[in-house]
Amino acid sequence: MRCVIPFYDCLWTSELESRFIAAAMAAKEAGTWQVWPNWRNRAFVEQIMPILNSEFRLALPAEFYAEKVELLFHRQNTFQFIKGHYGVYWNEQSNDVVMDDEIFSGLATLTPIAHAYRSKGEAHYRDLCALFRDDEED
């Protein structure tokens, strides 16, 4: 997935991502986060954008934050697929992923972002699962 404004990607730090996910989790707990049908969450993005821009002294547009929601959704789904694959072992405590080269090669042909998970898991996996799970499914 390519960002609408790729230049801004260099401003997206792990600290900003953690803060963004924490804000999304708080919005979900408050009932203002919608998984479906509006999982891009335009209202949430417009609410959190000025807060994060101010906190991190940035001027990122709403479209950038909306794309990050979509990217986080795809990252969560991809890692869920990878960790569920036979021969892939994920240690949740250390976030290490172990798989042999043949399995990795096969997964990399199925999904290009598999390279991100060659040896480390998704840093915010549990939060992303909770964030993108439809509570009505439970």
# chains A, B, ... in the order shown; residues from 1 in each chain; ligands from 1
$ closest_atom_pairs --of "stretch 100-131 of chain A" --to "stretch 77-83 of chain A" --cutoff "9 Å" --atoms "only C-alpha atoms" --output "Markdown table"
| residue | atom | partner | partner_atom | distance |
| --- | --- | --- | --- | --- |
| A:Leu107 | CA | A:Ile82 | CA | 7.3 |
| A:Thr111 | CA | A:Thr78 | CA | 7.6 |
| A:Ile113 | CA | A:Thr78 | CA | 7.4 |
| A:Ala114 | CA | A:Thr78 | CA | 7.4 |
| A:Tyr117 | CA | A:Phe79 | CA | 7.3 |
| A:Gly121 | CA | A:Phe79 | CA | 7.1 |
| A:Glu122 | CA | A:Phe79 | CA | 6.4 |
| A:Tyr125 | CA | A:Phe79 | CA | 7.8 |
| A:Cys129 | CA | A:Asn77 | CA | 8.5 |
$ select_by_dssp --residues "chain A" --states "helix (DSSP H, G or I)" --output "ChimeraX atom specification"
/A:6-11,14-30,42-55,62-83,101-110,112-117,125-132,135-137
$ closest_residue --among "A:Phe56, A:Tyr86, A:Phe64, A:Phe73" --to "A:Ile21" --atoms "only C-alpha atoms"
A:Phe73
$ atom_distance --atom1 "atom CA of A:His85" --atom2 "atom CA of A:Ala116"
15.6 Å
$ atom_distance --atom1 "atom CA of A:Ser54" --atom2 "atom CA of A:Leu11"
13.5 Å
$ closest_residue --among "A:Gln47, A:Gln76, A:Ser94, A:Thr13" --to "A:Ala130" --atoms "only C-alpha atoms"
A:Gln76
$ select_by_dssp --residues "chain A" --states "strand (DSSP E or B)" --output "list of chain:residue names"
A:Tyr89, A:Trp90, A:Asn91, A:Asp96, A:Val97, A:Val98, A:Lys120
$ write_last_selection --atoms "all heavy atoms" --output "tab-separated table (two decimals), in the first residue's frame"
chain	number	residue	atom	x	y	z
A	89	TYR	N	6.64	-20.03	14.39
A	89	TYR	CA	6.53	-19.99	15.85
A	89	TYR	C	6.73	-18.55	16.32
A	89	TYR	O	7.73	-17.92	15.97
A	89	TYR	CB	7.56	-20.93	16.49
A	89	TYR	CG	7.42	-22.33	15.94
A	89	TYR	CD1	8.24	-22.77	14.91
A	89	TYR	CD2	6.43	-23.18	16.42
A	89	TYR	CE1	8.10	-24.04	14.38
A	89	TYR	CE2	6.28	-24.45	15.88
A	89	TYR	CZ	7.11	-24.87	14.87
A	89	TYR	OH	6.96	-26.13	14.33
A	90	TRP	N	5.80	-18.07	17.12
A	90	TRP	CA	5.88	-16.72	17.64
A	90	TRP	C	5.93	-16.77	19.15
A	90	TRP	O	5.06	-17.35	19.79
A	90	TRP	CB	4.67	-15.91	17.18
A	90	TRP	CG	4.58	-14.53	17.74
A	90	TRP	CD1	5.56	-13.59	17.74
A	90	TRP	CD2	3.45	-13.92	18.36
A	90	TRP	NE1	5.10	-12.42	18.32
A	90	TRP	CE2	3.81	-12.59	18.70
A	90	TRP	CE3	2.15	-14.36	18.63
A	90	TRP	CZ2	2.93	-11.73	19.32
A	90	TRP	CZ3	1.28	-13.47	19.25
A	90	TRP	CH2	1.67	-12.17	19.58
A	91	ASN	N	6.95	-16.17	19.73
A	91	ASN	CA	7.07	-16.03	21.17
A	91	ASN	C	6.51	-14.66	21.53
A	91	ASN	O	7.13	-13.64	21.25
A	91	ASN	CB	8.52	-16.16	21.61
A	91	ASN	CG	8.69	-16.04	23.10
A	91	ASN	OD1	7.99	-15.29	23.76
A	91	ASN	ND2	9.63	-16.79	23.64
A	96	ASP	N	9.61	-12.59	19.22
A	96	ASP	CA	10.45	-13.22	18.19
A	96	ASP	C	9.61	-14.17	17.34
A	96	ASP	O	8.71	-14.85	17.84
A	96	ASP	CB	11.58	-14.03	18.84
A	96	ASP	CG	12.61	-13.14	19.51
A	96	ASP	OD1	12.80	-12.00	19.05
A	96	ASP	OD2	13.20	-13.58	20.51
A	97	VAL	N	9.92	-14.20	16.06
A	97	VAL	CA	9.28	-15.12	15.12
A	97	VAL	C	10.36	-16.03	14.57
A	97	VAL	O	11.44	-15.58	14.19
A	97	VAL	CB	8.61	-14.35	13.95
A	97	VAL	CG1	8.07	-15.31	12.91
A	97	VAL	CG2	7.50	-13.45	14.48
A	98	VAL	N	10.07	-17.33	14.56
A	98	VAL	CA	11.01	-18.30	14.03
A	98	VAL	C	10.33	-19.10	12.93
A	98	VAL	O	9.22	-19.61	13.12
A	98	VAL	CB	11.51	-19.26	15.15
A	98	VAL	CG1	12.43	-20.32	14.58
A	98	VAL	CG2	12.17	-18.49	16.27
A	120	LYS	N	10.73	-10.76	13.70
A	120	LYS	CA	9.99	-10.08	14.78
A	120	LYS	C	8.52	-10.02	14.43
A	120	LYS	O	8.14	-9.87	13.28
A	120	LYS	CB	10.50	-8.64	14.96
A	120	LYS	CG	11.80	-8.54	15.71
A	120	LYS	CD	11.60	-8.91	17.16
A	120	LYS	CE	12.89	-8.81	17.93
A	120	LYS	NZ	12.76	-9.38	19.26
$ residues_around --residues "A:Ile51" --least-positions-apart "6" --cutoff "10 Å" --atoms "only C-alpha atoms" --output "list of chain:residue names"
A:Phe20, A:Ala23, A:Arg57, A:Leu58
$ write_last_selection --atoms "all heavy atoms" --output "mmCIF file, in the first residue's frame"
data_model
loop_
_atom_site.group_PDB
_atom_site.id
_atom_site.type_symbol
_atom_site.label_atom_id
_atom_site.label_comp_id
_atom_site.auth_asym_id
_atom_site.auth_seq_id
_atom_site.Cartn_x
_atom_site.Cartn_y
_atom_site.Cartn_z
ATOM 1 N N PHE A 20 -0.928 6.790 18.770
ATOM 2 C CA PHE A 20 -2.095 6.707 17.893
ATOM 3 C C PHE A 20 -2.939 5.484 18.243
ATOM 4 O O PHE A 20 -4.160 5.564 18.372
ATOM 5 C CB PHE A 20 -1.630 6.650 16.433
ATOM 6 C CG PHE A 20 -2.743 6.610 15.435
ATOM 7 C CD1 PHE A 20 -3.403 7.772 15.067
ATOM 8 C CD2 PHE A 20 -3.123 5.424 14.848
ATOM 9 C CE1 PHE A 20 -4.426 7.748 14.130
ATOM 10 C CE2 PHE A 20 -4.148 5.386 13.909
ATOM 11 C CZ PHE A 20 -4.796 6.556 13.545
ATOM 12 N N ALA A 23 -4.694 5.965 21.554
ATOM 13 C CA ALA A 23 -5.851 6.854 21.401
ATOM 14 C C ALA A 23 -7.008 6.107 20.744
ATOM 15 O O ALA A 23 -8.168 6.286 21.131
ATOM 16 C CB ALA A 23 -5.465 8.076 20.572
ATOM 17 N N ARG A 57 4.207 18.069 17.406
ATOM 18 C CA ARG A 57 4.609 19.247 16.624
ATOM 19 C C ARG A 57 4.689 18.917 15.126
ATOM 20 O O ARG A 57 5.694 19.139 14.476
ATOM 21 C CB ARG A 57 5.924 19.809 17.130
ATOM 22 C CG ARG A 57 5.830 20.350 18.527
ATOM 23 C CD ARG A 57 7.108 21.045 18.950
ATOM 24 N NE ARG A 57 6.959 21.610 20.258
ATOM 25 C CZ ARG A 57 7.511 21.092 21.352
ATOM 26 N NH1 ARG A 57 8.236 20.012 21.280
ATOM 27 N NH2 ARG A 57 7.341 21.671 22.512
ATOM 28 N N LEU A 58 3.575 18.379 14.616
ATOM 29 C CA LEU A 58 3.502 17.987 13.212
ATOM 30 C C LEU A 58 2.334 18.703 12.544
ATOM 31 O O LEU A 58 1.533 19.353 13.201
ATOM 32 C CB LEU A 58 3.287 16.470 13.098
ATOM 33 C CG LEU A 58 4.366 15.575 13.683
ATOM 34 C CD1 LEU A 58 3.898 14.128 13.710
ATOM 35 C CD2 LEU A 58 5.652 15.711 12.891
#
$ atom_distance --atom1 "atom CA of A:Ala24" --atom2 "atom CA of A:Leu110"
29.3 Å
$ closest_atom_pairs --of "stretch 24-130 of chain A" --to "stretch 15-19 of chain A" --cutoff "12 Å" --atoms "only C-alpha atoms" --output "tab-separated table"
residue	atom	partner	partner_atom	distance
A:Ala24	CA	A:Arg19	CA	8.6
A:Met25	CA	A:Arg19	CA	9.8
A:Ala26	CA	A:Arg19	CA	10.5
A:Ile48	CA	A:Arg19	CA	10.2
A:Met49	CA	A:Leu16	CA	11.4
A:Ile51	CA	A:Arg19	CA	10.4
A:Leu52	CA	A:Leu16	CA	7.7
A:Asn53	CA	A:Leu16	CA	9.6
A:Ser54	CA	A:Leu16	CA	11.6
A:Glu55	CA	A:Leu16	CA	9.3
A:Phe56	CA	A:Leu16	CA	7.5
A:Arg57	CA	A:Leu16	CA	11.0
A:Leu58	CA	A:Leu16	CA	10.5
A:Leu60	CA	A:Leu16	CA	11.6
A:Tyr65	CA	A:Glu17	CA	10.2
A:Lys68	CA	A:Glu17	CA	8.9
A:Val69	CA	A:Glu17	CA	10.2
A:Leu71	CA	A:Glu17	CA	11.4
A:Leu72	CA	A:Glu17	CA	9.5
A:Ala123	CA	A:Ser18	CA	9.3
A:His124	CA	A:Ser18	CA	7.9
A:Tyr125	CA	A:Ser18	CA	11.5
A:Asp127	CA	A:Ser18	CA	10.0
A:Leu128	CA	A:Ser18	CA	10.9
$ write_last_selection --atoms "N, CA, C and O atoms" --output "short mmCIF file (atom, residue, chain, number, x, y, z; two decimals), in the first residue's frame"
data_model
loop_
_atom_site.label_atom_id
_atom_site.label_comp_id
_atom_site.auth_asym_id
_atom_site.auth_seq_id
_atom_site.Cartn_x
_atom_site.Cartn_y
_atom_site.Cartn_z
N ALA A 24 -6.71 5.26 19.78
CA ALA A 24 -7.76 4.47 19.12
C ALA A 24 -8.38 3.48 20.10
O ALA A 24 -9.60 3.29 20.11
N MET A 25 -7.56 2.86 20.94
CA MET A 25 -8.08 1.94 21.95
C MET A 25 -8.99 2.68 22.94
O MET A 25 -10.04 2.17 23.31
N ALA A 26 -8.58 3.88 23.34
CA ALA A 26 -9.42 4.67 24.25
C ALA A 26 -10.74 5.04 23.57
O ALA A 26 -11.80 5.00 24.20
N ILE A 48 -8.56 12.98 16.52
CA ILE A 48 -7.23 12.73 17.07
C ILE A 48 -6.13 13.51 16.33
O ILE A 48 -5.09 13.81 16.91
N MET A 49 -6.36 13.84 15.07
CA MET A 49 -5.34 14.52 14.26
C MET A 49 -4.80 15.79 14.93
O MET A 49 -3.58 15.92 15.09
N ILE A 51 -4.80 16.66 18.02
CA ILE A 51 -4.15 16.32 19.30
C ILE A 51 -2.74 15.78 19.04
O ILE A 51 -1.77 16.25 19.63
N LEU A 52 -2.64 14.80 18.13
CA LEU A 52 -1.32 14.23 17.85
C LEU A 52 -0.42 15.22 17.13
O LEU A 52 0.79 15.29 17.41
N ASN A 53 -0.97 15.99 16.21
CA ASN A 53 -0.15 16.99 15.52
C ASN A 53 0.43 18.00 16.50
O ASN A 53 1.59 18.38 16.40
N SER A 54 -0.37 18.39 17.49
CA SER A 54 0.10 19.33 18.50
C SER A 54 1.13 18.67 19.41
O SER A 54 2.19 19.23 19.68
N GLU A 55 0.80 17.47 19.87
CA GLU A 55 1.70 16.75 20.80
C GLU A 55 3.06 16.47 20.18
O GLU A 55 4.09 16.58 20.84
N PHE A 56 3.08 16.12 18.89
CA PHE A 56 4.34 15.77 18.21
C PHE A 56 4.87 16.91 17.33
O PHE A 56 5.81 16.71 16.58
N ARG A 57 4.21 18.07 17.41
CA ARG A 57 4.61 19.25 16.62
C ARG A 57 4.69 18.92 15.13
O ARG A 57 5.69 19.14 14.48
N LEU A 58 3.58 18.38 14.62
CA LEU A 58 3.50 17.99 13.21
C LEU A 58 2.33 18.70 12.54
O LEU A 58 1.53 19.35 13.20
N LEU A 60 0.43 16.80 9.98
CA LEU A 60 0.04 15.70 9.10
C LEU A 60 -1.44 15.82 8.74
O LEU A 60 -2.27 16.08 9.61
N TYR A 65 -3.50 10.06 8.37
CA TYR A 65 -3.94 9.28 9.52
C TYR A 65 -4.94 8.20 9.10
O TYR A 65 -4.90 7.07 9.58
N LYS A 68 -3.12 5.37 7.71
CA LYS A 68 -2.44 4.61 8.76
C LYS A 68 -3.41 3.63 9.42
O LYS A 68 -3.03 2.52 9.77
N VAL A 69 -4.67 4.03 9.58
CA VAL A 69 -5.66 3.10 10.12
C VAL A 69 -5.77 1.89 9.20
O VAL A 69 -5.75 0.74 9.65
N LEU A 71 -3.54 0.80 7.02
CA LEU A 71 -2.29 0.05 7.06
C LEU A 71 -2.20 -0.81 8.32
O LEU A 71 -1.80 -1.97 8.25
N LEU A 72 -2.60 -0.27 9.47
CA LEU A 72 -2.58 -1.05 10.71
C LEU A 72 -3.52 -2.25 10.61
O LEU A 72 -3.20 -3.34 11.09
N ALA A 123 4.46 -5.45 16.61
CA ALA A 123 4.69 -4.87 17.94
C ALA A 123 3.40 -4.65 18.73
O ALA A 123 3.37 -4.85 19.94
N HIS A 124 2.35 -4.27 18.06
CA HIS A 124 1.08 -3.95 18.74
C HIS A 124 0.01 -4.98 18.41
O HIS A 124 -1.18 -4.65 18.39
N TYR A 125 0.39 -6.21 18.20
CA TYR A 125 -0.53 -7.21 17.69
C TYR A 125 -1.80 -7.35 18.53
O TYR A 125 -2.91 -7.30 18.00
N ASP A 127 -3.22 -5.33 20.71
CA ASP A 127 -4.05 -4.12 20.64
C ASP A 127 -4.76 -4.01 19.30
O ASP A 127 -5.93 -3.65 19.24
N LEU A 128 -4.05 -4.32 18.22
CA LEU A 128 -4.67 -4.25 16.89
C LEU A 128 -5.78 -5.28 16.74
O LEU A 128 -6.81 -4.99 16.13
#
$ closest_residue --among "A:Ala62, A:Ala43, A:Met99, A:Leu131" --to "A:Ser119" --atoms "only C-alpha atoms"
A:Met99
